[in-house]
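Text of structure.pdb (PDB, C-alpha atoms, pLDDT in the B column) as supplied:
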ATOM      1  CA  MET K   1    -223.957 113.433 -61.768  1.00 64.00           C
ATOM      2  CA  LEU K   2    -224.650 109.781 -62.612  1.00 65.00           C
ATOM      3  CA  LYS K   3    -221.079 108.712 -63.383  1.00 72.00           C
ATOM      4  CA  TRP K   4    -220.979 106.326 -60.385  1.00 75.00           C
ATOM      5  CA  MET K   5    -223.625 104.062 -62.008  1.00 73.00           C
ATOM      6  CA  VAL K   6    -222.493 101.628 -64.674  1.00 77.00           C
ATOM      7  CA  TRP K   7    -225.150 102.235 -67.309  1.00 78.00           C
ATOM      8  CA  THR K   8    -225.116  99.281 -69.656  1.00 84.00           C
ATOM      9  CA  LEU K   9    -227.868  97.961 -71.894  1.00 84.00           C
ATOM     10  CA  PRO K  10    -229.022  95.241 -69.430  1.00 80.00           C
ATOM     11  CA  VAL K  11    -229.172  97.793 -66.590  1.00 81.00           C
ATOM     12  CA  ALA K  12    -231.165 100.174 -68.776  1.00 85.00           C
ATOM     13  CA  ILE K  13    -233.563  97.374 -69.773  1.00 87.00           C
ATOM     14  CA  VAL K  14    -234.232  96.488 -66.115  1.00 84.00           C
ATOM     15  CA  PHE K  15    -234.921 100.093 -65.133  1.00 88.00           C
ATOM     16  CA  ILE K  16    -237.105 100.768 -68.182  1.00 92.00           C
ATOM     17  CA  ALA K  17    -239.044  97.525 -67.609  1.00 89.00           C
ATOM     18  CA  ALA K  18    -239.660  98.405 -63.955  1.00 89.00           C
ATOM     19  CA  PHE K  19    -240.799 101.901 -64.923  1.00 93.00           C
ATOM     20  CA  LEU K  20    -243.163 100.561 -67.611  1.00 94.00           C
ATOM     21  CA  LEU K  21    -244.469  97.922 -65.207  1.00 89.00           C
ATOM     22  CA  ILE K  22    -245.407 100.573 -62.642  1.00 90.00           C
ATOM     23  CA  ILE K  23    -247.104 102.706 -65.291  1.00 94.00           C
ATOM     24  CA  GLY K  24    -248.941  99.690 -66.700  1.00 91.00           C
ATOM     25  CA  LEU K  25    -250.175  98.594 -63.268  1.00 89.00           C
ATOM     26  CA  THR K  26    -251.375 102.119 -62.539  1.00 90.00           C
ATOM     27  CA  ILE K  27    -253.373 102.296 -65.763  1.00 92.00           C
ATOM     28  CA  TRP K  28    -254.680  98.725 -65.354  1.00 90.00           C
ATOM     29  CA  GLY K  29    -255.735  99.452 -61.755  1.00 87.00           C
ATOM     30  CA  HIS K  30    -257.612 102.544 -62.912  1.00 89.00           C
ATOM     31  CA  TYR K  31    -259.734 100.588 -65.376  1.00 92.00           C
ATOM     32  CA  ARG K  32    -260.063  97.313 -63.469  1.00 89.00           C
ATOM     33  CA  THR K  33    -259.949  97.145 -59.692  1.00 86.00           C
ATOM     34  CA  PRO K  34    -257.541  94.484 -58.414  1.00 85.00           C
ATOM     35  CA  ARG K  35    -259.107  91.440 -56.739  1.00 85.00           C
ATOM     36  CA  ILE K  36    -257.829  90.503 -53.318  1.00 89.00           C
ATOM     37  CA  ARG K  37    -257.337  86.763 -53.003  1.00 88.00           C
ATOM     38  CA  LYS K  38    -255.351  84.122 -51.174  1.00 89.00           C
ATOM     39  CA  GLY K  39    -253.227  81.807 -53.304  1.00 86.00           C
ATOM     40  CA  PHE K  40    -250.515  79.275 -52.562  1.00 88.00           C
ATOM     41  CA  LEU K  41    -248.487  81.964 -50.767  1.00 85.00           C
ATOM     42  CA  ARG K  42    -251.098  81.788 -47.973  1.00 88.00           C
ATOM     43  CA  ILE K  43    -251.273  85.546 -47.615  1.00 90.00           C
ATOM     44  CA  THR K  44    -253.952  87.887 -48.899  1.00 91.00           C
ATOM     45  CA  THR K  45    -252.588  89.688 -51.945  1.00 90.00           C
ATOM     46  CA  ASP K  46    -253.790  91.794 -54.816  1.00 89.00           C
ATOM     47  CA  ARG K  47    -252.235  92.221 -58.247  1.00 88.00           C
ATOM     48  CA  GLY K  48    -249.645  94.776 -57.149  1.00 88.00           C
ATOM     49  CA  ASP K  49    -248.529  92.683 -54.186  1.00 90.00           C
ATOM     50  CA  ARG K  50    -247.975  89.643 -56.402  1.00 91.00           C
ATOM     51  CA  VAL K  51    -246.013  91.717 -58.929  1.00 90.00           C
ATOM     52  CA  TYR K  52    -243.779  93.044 -56.143  1.00 91.00           C
ATOM     53  CA  ILE K  53    -243.270  89.576 -54.628  1.00 93.00           C
ATOM     54  CA  SER K  54    -242.484  88.060 -58.038  1.00 93.00           C
ATOM     55  CA  TYR K  55    -240.051  90.890 -58.874  1.00 90.00           C
ATOM     56  CA  ILE K  56    -238.169  90.458 -55.587  1.00 93.00           C
ATOM     57  CA  SER K  57    -238.266  86.646 -55.914  1.00 94.00           C
ATOM     58  CA  PHE K  58    -236.805  86.875 -59.416  1.00 92.00           C
ATOM     59  CA  ALA K  59    -234.007  89.148 -58.195  1.00 91.00           C
ATOM     60  CA  ALA K  60    -233.199  86.866 -55.243  1.00 94.00           C
ATOM     61  CA  PHE K  61    -233.259  83.788 -57.472  1.00 94.00           C
ATOM     62  CA  MET K  62    -230.890  85.414 -59.958  1.00 91.00           C
ATOM     63  CA  ILE K  63    -228.468  86.395 -57.181  1.00 91.00           C
ATOM     64  CA  LEU K  64    -228.447  82.800 -55.940  1.00 93.00           C
ATOM     65  CA  TRP K  65    -228.115  81.457 -59.496  1.00 91.00           C
ATOM     66  CA  ILE K  66    -225.128  83.657 -60.255  1.00 90.00           C
ATOM     67  CA  ALA K  67    -223.520  82.756 -56.911  1.00 92.00           C
ATOM     68  CA  LEU K  68    -224.060  78.988 -57.151  1.00 93.00           C
ATOM     69  CA  VAL K  69    -224.059  78.132 -60.865  1.00 91.00           C
ATOM     70  CA  ASP K  70    -221.129  78.846 -63.115  1.00 83.00           C
ATOM     71  CA  GLY K  71    -222.499  80.209 -66.382  1.00 81.00           C
ATOM     72  CA  MET K  72    -225.801  79.265 -68.038  1.00 86.00           C
ATOM     73  CA  LEU K  73    -227.242  82.704 -67.270  1.00 86.00           C
ATOM     74  CA  TYR K  74    -230.006  82.333 -69.876  1.00 89.00           C
ATOM     75  CA  VAL K  75    -231.194  79.100 -68.259  1.00 91.00           C
ATOM     76  CA  GLY K  76    -231.342  80.831 -64.880  1.00 90.00           C
ATOM     77  CA  THR K  77    -233.217  83.752 -66.390  1.00 89.00           C
ATOM     78  CA  GLY K  78    -235.745  81.375 -67.934  1.00 92.00           C
ATOM     79  CA  ILE K  79    -236.278  79.564 -64.643  1.00 93.00           C
ATOM     80  CA  GLY K  80    -236.631  82.904 -62.856  1.00 91.00           C
ATOM     81  CA  VAL K  81    -239.231  84.116 -65.344  1.00 92.00           C
ATOM     82  CA  VAL K  82    -241.215  80.889 -64.893  1.00 95.00           C
ATOM     83  CA  LEU K  83    -241.000  81.323 -61.105  1.00 94.00           C
ATOM     84  CA  ALA K  84    -242.258  84.908 -61.380  1.00 92.00           C
ATOM     85  CA  ALA K  85    -245.083  83.855 -63.716  1.00 92.00           C
ATOM     86  CA  ILE K  86    -246.209  81.146 -61.274  1.00 94.00           C
ATOM     87  CA  ILE K  87    -246.276  83.668 -58.429  1.00 92.00           C
ATOM     88  CA  LEU K  88    -248.213  86.135 -60.563  1.00 89.00           C
ATOM     89  CA  LYS K  89    -250.780  83.554 -61.673  1.00 89.00           C
ATOM     90  CA  TRP K  90    -251.355  81.430 -58.585  1.00 89.00           C
ATOM     91  CA  GLY K  91    -249.590  83.268 -55.753  1.00 82.00           C
TER      92      GLY K  91
END

Would you give me this structure, written as structure tokens?
Amino acid sequence: MLKWMVWTLPVAIVFIAAFLLIIGLTIWGHYRTPRIRKGFLRITTDRGDRVYISYISFAAFMILWIALVDGMLYVGTGIGVVLAAIILKWG
């Protein structure tokens, strides 16, 4: 049934991390209501919005990194994580 998908360890890590992130945000939102605020993105966001924006930004950055830079994947991943953290903290 799932033979069309190339299930490798990195793919599994991404899917498991996304699943755990959704579960964690659900539990966190149950115990502490997200604050709505306006950061440097200039749009009103709550915690879940910033997580979604940072997740999509990380994916887009990695696509561009792989397309434009030959190699140095760990450096690109590090820069992408820093970008996502900045969006989560101050976005």

Q: In Å, rounded to a single decimal, give me how far CA of Arg50 (chain K) is from CA of Gly91 (chain K).
A: 6.6 Å

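Put simply, CA of Gly48 (chain K) is 24.3 Å away from CA of Gly76 (chain K).
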
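For the structure in this document, the set picked by the PyMOL selection byres ((chain K and resi 53-63) around 9) is K:Gly48, K:Asp49, K:Arg50, K:Val51, K:Tyr52, K:Leu64, K:Trp65, K:Ile66, K:Ala67, K:Leu68, K:Leu73, K:Gly76, K:Thr77, K:Ile79, K:Gly80, K:Val81, K:Leu83, K:Ala84, K:Ala85, K:Ile86, K:Ile87, K:Leu88, K:Gly91.
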
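Applied to the file shown here, the PyMOL selection byres ((chain K and resi 34-38) around 12) selects K:Leu25, K:Thr26, K:Ile27, K:Trp28, K:Gly29, K:His30, K:Tyr31, K:Arg32, K:Thr33, K:Gly39, K:Phe40, K:Leu41, K:Arg42, K:Ile43, K:Thr44, K:Thr45, K:Asp46, K:Arg47, K:Gly48, K:Asp49, K:Arg50, K:Val51, K:Ile87, K:Leu88, K:Lys89, K:Trp90, K:Gly91.
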
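You will find CA of Leu9 (chain K) at 20.0 Å from CA of Ile22 (chain K).
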
Specify the axis-aligned box that encloses all atoms of region 74-80 of chain K listed in the file after padding of 4 Å on each side, stating its centre and edge lengths in Å to one decimal as AutoDock Vina command-line options.
--center_x -233.3 --center_y 81.4 --center_z -66.4 --size_x 14.6 --size_y 12.7 --size_z 15.0

Output region 26-62 of chain K with N, CA and C atoms present, as a CSV table (one decimal), keeping the file's coordinate frame.
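Result saved to selection-v2.csv:
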chain,number,residue,atom,x,y,z
K,26,THR,N,-250.6,101.0,-62.9
K,26,THR,CA,-251.4,102.1,-62.5
K,26,THR,C,-252.5,102.3,-63.5
K,27,ILE,N,-252.3,102.2,-64.8
K,27,ILE,CA,-253.4,102.3,-65.8
K,27,ILE,C,-254.3,101.1,-65.6
K,28,TRP,N,-253.8,99.9,-65.5
K,28,TRP,CA,-254.7,98.7,-65.4
K,28,TRP,C,-255.5,98.8,-64.1
K,29,GLY,N,-255.0,99.3,-63.0
K,29,GLY,CA,-255.7,99.5,-61.8
K,29,GLY,C,-256.8,100.5,-61.9
K,30,HIS,N,-256.6,101.5,-62.7
K,30,HIS,CA,-257.6,102.5,-62.9
K,30,HIS,C,-258.8,102.0,-63.6
K,31,TYR,N,-258.6,101.1,-64.6
K,31,TYR,CA,-259.7,100.6,-65.4
K,31,TYR,C,-260.3,99.3,-64.8
K,32,ARG,N,-259.6,98.6,-64.0
K,32,ARG,CA,-260.1,97.3,-63.5
K,32,ARG,C,-259.5,97.2,-62.1
K,33,THR,N,-260.4,97.2,-61.1
K,33,THR,CA,-259.9,97.1,-59.7
K,33,THR,C,-259.3,95.8,-59.4
K,34,PRO,N,-258.2,95.8,-58.7
K,34,PRO,CA,-257.5,94.5,-58.4
K,34,PRO,C,-258.4,93.7,-57.4
K,35,ARG,N,-258.4,92.4,-57.6
K,35,ARG,CA,-259.1,91.4,-56.7
K,35,ARG,C,-258.1,91.0,-55.6
K,36,ILE,N,-258.6,91.0,-54.4
K,36,ILE,CA,-257.8,90.5,-53.3
K,36,ILE,C,-258.2,89.0,-53.1
K,37,ARG,N,-257.1,88.2,-53.1
K,37,ARG,CA,-257.3,86.8,-53.0
K,37,ARG,C,-256.2,86.1,-52.3
K,38,LYS,N,-256.4,84.9,-51.9
K,38,LYS,CA,-255.4,84.1,-51.2
K,38,LYS,C,-255.0,82.9,-52.0
K,39,GLY,N,-253.7,82.9,-52.5
K,39,GLY,CA,-253.2,81.8,-53.3
K,39,GLY,C,-252.3,80.9,-52.5
K,40,PHE,N,-251.4,80.2,-53.2
K,40,PHE,CA,-250.5,79.3,-52.6
K,40,PHE,C,-249.5,79.9,-51.6
K,41,LEU,N,-249.4,81.3,-51.7
K,41,LEU,CA,-248.5,82.0,-50.8
K,41,LEU,C,-249.1,82.1,-49.4
K,42,ARG,N,-250.4,81.8,-49.2
K,42,ARG,CA,-251.1,81.8,-48.0
K,42,ARG,C,-251.2,83.2,-47.3
K,43,ILE,N,-251.1,84.2,-48.1
K,43,ILE,CA,-251.3,85.5,-47.6
K,43,ILE,C,-252.2,86.2,-48.6
K,44,THR,N,-253.0,87.2,-48.1
K,44,THR,CA,-254.0,87.9,-48.9
K,44,THR,C,-253.2,88.9,-49.7
K,45,THR,N,-253.3,88.8,-51.0
K,45,THR,CA,-252.6,89.7,-51.9
K,45,THR,C,-253.5,90.2,-53.0
K,46,ASP,N,-253.1,91.3,-53.6
K,46,ASP,CA,-253.8,91.8,-54.8
K,46,ASP,C,-252.7,91.8,-55.9
K,47,ARG,N,-253.1,92.3,-57.1
K,47,ARG,CA,-252.2,92.2,-58.2
K,47,ARG,C,-250.9,92.9,-58.0
K,48,GLY,N,-250.9,94.0,-57.4
K,48,GLY,CA,-249.6,94.8,-57.1
K,48,GLY,C,-248.7,94.1,-56.2
K,49,ASP,N,-249.3,93.4,-55.2
K,49,ASP,CA,-248.5,92.7,-54.2
K,49,ASP,C,-247.8,91.5,-54.9
K,50,ARG,N,-248.6,90.8,-55.7
K,50,ARG,CA,-248.0,89.6,-56.4
K,50,ARG,C,-246.9,90.1,-57.4
K,51,VAL,N,-247.1,91.2,-58.0
K,51,VAL,CA,-246.0,91.7,-58.9
K,51,VAL,C,-244.8,92.0,-58.1
K,52,TYR,N,-244.9,92.7,-57.0
K,52,TYR,CA,-243.8,93.0,-56.1
K,52,TYR,C,-243.1,91.8,-55.6
K,53,ILE,N,-243.9,90.8,-55.1
K,53,ILE,CA,-243.3,89.6,-54.6
K,53,ILE,C,-242.5,88.8,-55.7
K,54,SER,N,-243.1,88.8,-56.9
K,54,SER,CA,-242.5,88.1,-58.0
K,54,SER,C,-241.2,88.8,-58.5
K,55,TYR,N,-241.2,90.1,-58.5
K,55,TYR,CA,-240.1,90.9,-58.9
K,55,TYR,C,-238.9,90.7,-57.9
K,56,ILE,N,-239.2,90.7,-56.6
K,56,ILE,CA,-238.2,90.5,-55.6
K,56,ILE,C,-237.7,89.0,-55.6
K,57,SER,N,-238.6,88.1,-55.8
K,57,SER,CA,-238.3,86.6,-55.9
K,57,SER,C,-237.4,86.4,-57.1
K,58,PHE,N,-237.7,87.0,-58.2
K,58,PHE,CA,-236.8,86.9,-59.4
K,58,PHE,C,-235.4,87.4,-59.1
K,59,ALA,N,-235.3,88.6,-58.5
K,59,ALA,CA,-234.0,89.1,-58.2
K,59,ALA,C,-233.2,88.3,-57.2
K,60,ALA,N,-233.9,87.7,-56.2
K,60,ALA,CA,-233.2,86.9,-55.2
K,60,ALA,C,-232.8,85.6,-55.9
K,61,PHE,N,-233.6,85.0,-56.8
K,61,PHE,CA,-233.3,83.8,-57.5
K,61,PHE,C,-232.0,84.0,-58.4
K,62,MET,N,-232.0,85.1,-59.1
K,62,MET,CA,-230.9,85.4,-60.0
K,62,MET,C,-229.6,85.6,-59.2
